[in-house]
Amino acid sequence: MIHFSPLDWIWLAIYLILMTGCGFIFYRLGKRSEADFFLAGRGLPWWIPGMSVYATHTATDTPMWVSGVIYKYGLRGLWYTFFSAWCAVAAFVSARIFRRSLAYSQAEWQSLRYGGLGGELLRGWMSGWGSFLNMFILGWVSMAMGKLCHYLFGWDNWVGLIIPSLIVAIYVLSAGYWGVVMADFQQGIIAFFIIVFASLWGVRVAGGPEAIVARLNALGELWRLNPFHFSGFFRGDFPLAWFLTMLFIAILGGFGMGTSIDWYAEVQRIQSSKTVRDAAYSIWWGTALTLTRNAIWAAAIIAFFVLYPNITEASQYEMAWYRIAFEHIPAGMLGFLFAGIIAIHFSTISTHLNLGAVYLTRDIYHHYINPEASERKLVMAGRVATALLLIGSFIYGLMMEEITRWLIFALWIMGAGMWLPNILQVIWWRFNSWGYLSAWIANLGFSWLVVWILPAFGVIPELPDYLQFWALMVLTALVYIPVTLLTPPENKLHLAKYYAMTRPIGWWGPIKKEAQRLGLIREEAKP
Amino acid sequence: MKGKKFLGLRRDWKPEEADSWTREDWLAIIISPLAYALLMIGLALLLFLRMDGLIIFLMGVGATILLHLVIDPKLRALSSEYEKKQREYLRRLELLVRWREDE
């Protein structure tokens, strides 16, 4: 437990006033229209959504997760965080394609890419899944905050789960995405400064960089500073096969849409940027900041390791960064540090509240229930949807006990069997809605089977995560490839319109010709 | 192909040319993840005052600058023309559907 001085409370109070103030300042902008409430009018320069990308992907549970992999694997653990490098390619491929589509959400994009009943089914399914997923993320991130408050102040978990989210709700309900993105901008700066300060302070507490290296040497643990210290090709705790699989998933994943769970939040940042160039730079720089932040965290966690090298319980070493920060920060800075942690938490909660509400409002209420709704009604529907998600997240949060297990399973459901279909739908014109829909259904079934059910009954051994990925990718493909080829292609006129709008990369030759034939795009001059 | 070049890569684009996927895009796709990896690993090692960390980090900064030189002219051309069309479309759309308090 920690004790706050009056100065610490002042830091915290200033910060909370600053954040909730965003709701009042941007209230008039947020209520103007659906596009303002969910996309800030599509007019933001790249550095605002870019900082929002960084802030959103710095959640309360992120330091716990990064602490877990760095304490266990040393600097090799940084590669676990390198999954976010899908943005390296996505910034220049899928962000460009998505920004040109003008879709509010990934669910809406599905109905632009696919036509007819299949397209509508996918939009309905994606919006339902998106709403659920955001509620789920809100639940687990809030629970991480509950645990942190219990560790810091001894409060019951439900206090940290509910109270901070209620404060966030003030500015999300008032100003929608305007409130989210402007608060994120401030939160991102505050959180980055705090992370740098607390981490470097932690390195100093452990004796400084040279003393840490000397101590690692004395412990026989110098390998922890080698990010390429593999344990074999398939053997050991850090096989080369895992590393290559990770690079494959992360880098090629950038050609698709939805190959990472984070894509769904990036979509809103991409579409709120004022140009294609701003969209590309927002996710590139937001992710660059995220990866450099991980490197700074890693230094502090290795400092923690040399101070406490014998911790074996994951639940204890996952608190490494929080412990070195809170237990050693100078007097009077504790409140500032906690304000930084609150900033991290608020940015994630606000993003998922507003993003979940996009699906419920734009894709369900506006598209299916009330297509003629006025902008006033749509903004009101957005606020009601935000409130529903908030209540749902409290229920989910109270049901979850172990953060990491849920997090990893959710990531696998999204990432493994759906990884290739999410790329194919962007790069291959022949991939149709029935193929994509069947991939979703097959992936849900196979994920449960391969990850939990079959190993539990001893039918197959418990596979390492990278082998689970390959198994799920192949099994799911055995369903959706035949389904795609045995069902008719999408309507060519629909695809030609989509092509003219977004100019996708990959195998679109017949559709390009059709778009030229229809006069939707000009024929290229022969050299 | 016509136009100014830098290391054999185009620096000036007409919007309709920038719509196509060209070798500048593929080069950006290759440099970009490399820049991320170099920045992340370089900085982590640099924080332990290692010389290899400094070299890797500087290579990451260099890769980032190169990425910008390769792709920025194309992104600018792509954005300018498309955004003009989109602005007009959205302006009309928003005028039709925007809720006004005084109504």
# chains A, B, ... in the order shown; residues from 1 in each chain; ligands from 1
call {"tool": "residues_around", "arguments": {"residues": "Val267 in chain A", "least_positions_apart": "6", "cutoff": "8 Å", "atoms": "only C-alpha atoms", "output": "list in words"}}
result
Ala95, Phe98, Tyr104, Ser105 and Gln106 of chain A
call {"tool": "closest_atom_pairs", "arguments": {"of": "chain A", "to": "chain B", "cutoff": "8 Å", "atoms": "only C-alpha atoms", "output": "Markdown table"}}
result
| residue | atom | partner | partner_atom | distance |
| --- | --- | --- | --- | --- |
| A:Arg32 | CA | B:Trp99 | CA | 6.1 |
| A:Ser33 | CA | B:Arg98 | CA | 5.6 |
| A:Leu75 | CA | B:Ala44 | CA | 7.7 |
| A:Leu78 | CA | B:Ile41 | CA | 7.9 |
| A:Phe82 | CA | B:Ala37 | CA | 7.8 |
| A:Ala85 | CA | B:Pro33 | CA | 6.2 |
| A:Ala88 | CA | B:Pro33 | CA | 5.1 |
| A:Val89 | CA | B:Ile29 | CA | 5.3 |
| A:Phe92 | CA | B:Ile29 | CA | 7.1 |
| A:Pro209 | CA | B:Phe48 | CA | 4.7 |
| A:Glu210 | CA | B:Phe48 | CA | 6.8 |
| A:Val213 | CA | B:Phe48 | CA | 7.4 |
| A:Leu225 | CA | B:Leu45 | CA | 7.3 |
| A:Pro227 | CA | B:Ile41 | CA | 7.4 |
| A:Ile251 | CA | B:Pro33 | CA | 7.0 |
| A:Lys274 | CA | B:Glu83 | CA | 8.0 |
| A:Thr275 | CA | B:Ser79 | CA | 5.6 |
| A:Val276 | CA | B:Ser79 | CA | 5.3 |
| A:Arg277 | CA | B:Leu75 | CA | 5.2 |
| A:Ala288 | CA | B:Tyr36 | CA | 6.3 |
| A:Leu291 | CA | B:Met40 | CA | 5.7 |
| A:Thr292 | CA | B:Met40 | CA | 5.1 |
| A:Asn294 | CA | B:Met40 | CA | 7.5 |
| A:Ala295 | CA | B:Ala44 | CA | 4.6 |
| A:Ile296 | CA | B:Ala44 | CA | 6.3 |
| A:Ala298 | CA | B:Ala44 | CA | 6.8 |
| A:Ala299 | CA | B:Ala44 | CA | 6.4 |
| A:Ser374 | CA | B:Trp99 | CA | 6.9 |
| A:Glu375 | CA | B:Trp99 | CA | 5.0 |
| A:Arg376 | CA | B:Trp99 | CA | 5.6 |
| A:Arg503 | CA | B:Asp19 | CA | 6.9 |
| A:Ile505 | CA | B:Trp21 | CA | 6.9 |
| A:Pro527 | CA | B:Met1 | CA | 7.9 |
call {"tool": "atom_distance", "arguments": {"atom1": "CA of Trp507 in chain A", "atom2": "CA of Leu495 in chain A"}}
result
12.6 Å
call {"tool": "residues_around", "arguments": {"residues": "Ala265 in chain A", "least_positions_apart": "6", "cutoff": "9 Å", "atoms": "only C-alpha atoms", "output": "PyMOL selection string"}}
result
chain A and resi 53+56+351-352+355
call {"tool": "select_by_dssp", "arguments": {"residues": "range 115-345 of chain A", "states": "helix (DSSP H, G or I)", "output": "number ranges by chain"}}
result
A: 116-153, 157-205, 209-219, 222-225, 240-253, 263-272, 276-307, 314-317, 320-328, 334-345
call {"tool": "residues_around", "arguments": {"residues": "range 304-316 of chain A", "least_positions_apart": "5", "cutoff": "8 Å", "atoms": "only C-alpha atoms", "output": "list of chain:residue names"}}
result
A:Gly68, A:Tyr71, A:Gly202, A:Ala206, A:Ile212, A:Arg215, A:Leu216, A:Trp321, A:Ile324
call {"tool": "atom_distance", "arguments": {"atom1": "CA of Trp86 in chain A", "atom2": "CA of Met418 in chain A"}}
result
14.9 Å
call {"tool": "atom_distance", "arguments": {"atom1": "CA of Leu353 in chain A", "atom2": "CA of Ala191 in chain A"}}
result
19.9 Å
call {"tool": "closest_residue", "arguments": {"among": "B:Leu69, B:Leu27, B:Ala63, B:Leu38", "to": "Asp12 in chain B", "atoms": "only C-alpha atoms"}}
result
B:Leu69
call {"tool": "residues_around", "arguments": {"residues": "range 390-397 of chain A", "least_positions_apart": "6", "cutoff": "12 Å", "atoms": "only C-alpha atoms", "output": "ChimeraX atom specification"}}
result
/A:131-147,157-170,172-173,349-357,383-384,403,406
call {"tool": "closest_residue", "arguments": {"among": "A:Gly256, A:Gly124, A:Gly208, A:Gly30", "to": "Cys87 in chain A", "atoms": "only C-alpha atoms"}}
result
A:Gly256
call {"tool": "residues_around", "arguments": {"residues": "range 457-466 of chain A", "least_positions_apart": "2", "cutoff": "9 Å", "atoms": "only C-alpha atoms", "output": "ChimeraX atom specification"}}
result
/A:241-243,245-246,412,450-455,468-471
call {"tool": "residues_around", "arguments": {"residues": "Phe83 in chain A", "least_positions_apart": "5", "cutoff": "8 Å", "atoms": "only C-alpha atoms", "output": "PyMOL selection string"}}
result
chain A and resi 246-247+249-250
call {"tool": "decode", "arguments": {"residues": "range 479-500 of chain A", "atoms": "N, CA and C atoms", "output": "mmCIF file, in the first residue's frame"}}
result
data_model
loop_
_atom_site.group_PDB
_atom_site.id
_atom_site.type_symbol
_atom_site.label_atom_id
_atom_site.label_comp_id
_atom_site.auth_asym_id
_atom_site.auth_seq_id
_atom_site.Cartn_x
_atom_site.Cartn_y
_atom_site.Cartn_z
ATOM 1 N N VAL A 479 -11.832 -25.040 -44.701
ATOM 2 C CA VAL A 479 -13.272 -24.740 -44.794
ATOM 3 C C VAL A 479 -13.522 -23.603 -45.798
ATOM 4 N N TYR A 480 -12.836 -22.461 -45.613
ATOM 5 C CA TYR A 480 -13.242 -21.287 -46.400
ATOM 6 C C TYR A 480 -12.766 -21.302 -47.855
ATOM 7 N N ILE A 481 -11.672 -21.994 -48.153
ATOM 8 C CA ILE A 481 -11.229 -22.021 -49.560
ATOM 9 C C ILE A 481 -12.254 -22.784 -50.428
ATOM 10 N N PRO A 482 -12.660 -24.015 -50.021
ATOM 11 C CA PRO A 482 -13.702 -24.688 -50.817
ATOM 12 C C PRO A 482 -15.010 -23.895 -50.878
ATOM 13 N N VAL A 483 -15.409 -23.307 -49.737
ATOM 14 C CA VAL A 483 -16.669 -22.537 -49.728
ATOM 15 C C VAL A 483 -16.578 -21.382 -50.739
ATOM 16 N N THR A 484 -15.450 -20.689 -50.765
ATOM 17 C CA THR A 484 -15.280 -19.564 -51.699
ATOM 18 C C THR A 484 -15.380 -20.023 -53.145
ATOM 19 N N LEU A 485 -14.677 -21.109 -53.460
ATOM 20 C CA LEU A 485 -14.619 -21.539 -54.855
ATOM 21 C C LEU A 485 -15.906 -22.217 -55.316
ATOM 22 N N LEU A 486 -16.682 -22.749 -54.374
ATOM 23 C CA LEU A 486 -17.932 -23.435 -54.745
ATOM 24 C C LEU A 486 -19.140 -22.492 -54.760
ATOM 25 N N THR A 487 -18.963 -21.273 -54.320
ATOM 26 C CA THR A 487 -20.062 -20.296 -54.357
ATOM 27 C C THR A 487 -19.726 -19.216 -55.396
ATOM 28 N N PRO A 488 -20.748 -18.527 -55.927
ATOM 29 C CA PRO A 488 -20.468 -17.552 -56.995
ATOM 30 C C PRO A 488 -19.642 -16.370 -56.494
ATOM 31 N N PRO A 489 -18.859 -15.745 -57.392
ATOM 32 C CA PRO A 489 -18.127 -14.535 -56.980
ATOM 33 C C PRO A 489 -19.089 -13.399 -56.681
ATOM 34 N N GLU A 490 -18.582 -12.362 -56.040
ATOM 35 C CA GLU A 490 -19.405 -11.173 -55.773
ATOM 36 C C GLU A 490 -19.826 -10.533 -57.096
ATOM 37 N N ASN A 491 -20.908 -9.784 -57.050
ATOM 38 C CA ASN A 491 -21.390 -9.052 -58.208
ATOM 39 C C ASN A 491 -20.290 -8.119 -58.741
ATOM 40 N N LYS A 492 -20.035 -8.200 -60.062
ATOM 41 C CA LYS A 492 -18.905 -7.453 -60.629
ATOM 42 C C LYS A 492 -19.103 -5.944 -60.575
ATOM 43 N N LEU A 493 -20.349 -5.497 -60.714
ATOM 44 C CA LEU A 493 -20.608 -4.051 -60.651
ATOM 45 C C LEU A 493 -20.288 -3.535 -59.245
ATOM 46 N N HIS A 494 -20.720 -4.312 -58.234
ATOM 47 C CA HIS A 494 -20.452 -3.934 -56.843
ATOM 48 C C HIS A 494 -18.940 -3.850 -56.608
ATOM 49 N N LEU A 495 -18.223 -4.869 -57.097
ATOM 50 C CA LEU A 495 -16.771 -4.887 -56.909
ATOM 51 C C LEU A 495 -16.086 -3.756 -57.684
ATOM 52 N N ALA A 496 -16.598 -3.454 -58.877
ATOM 53 C CA ALA A 496 -15.988 -2.386 -59.674
ATOM 54 C C ALA A 496 -16.135 -1.037 -58.961
ATOM 55 N N LYS A 497 -17.297 -0.813 -58.333
ATOM 56 C CA LYS A 497 -17.496 0.432 -57.578
ATOM 57 C C LYS A 497 -16.534 0.490 -56.393
ATOM 58 N N TYR A 498 -16.416 -0.669 -55.706
ATOM 59 C CA TYR A 498 -15.492 -0.740 -54.563
ATOM 60 C C TYR A 498 -14.063 -0.470 -55.042
ATOM 61 N N TYR A 499 -13.691 -1.044 -56.186
ATOM 62 C CA TYR A 499 -12.339 -0.873 -56.718
ATOM 63 C C TYR A 499 -12.064 0.600 -57.043
ATOM 64 N N ALA A 500 -13.024 1.229 -57.710
ATOM 65 C CA ALA A 500 -12.833 2.631 -58.087
ATOM 66 C C ALA A 500 -12.683 3.517 -56.847
#
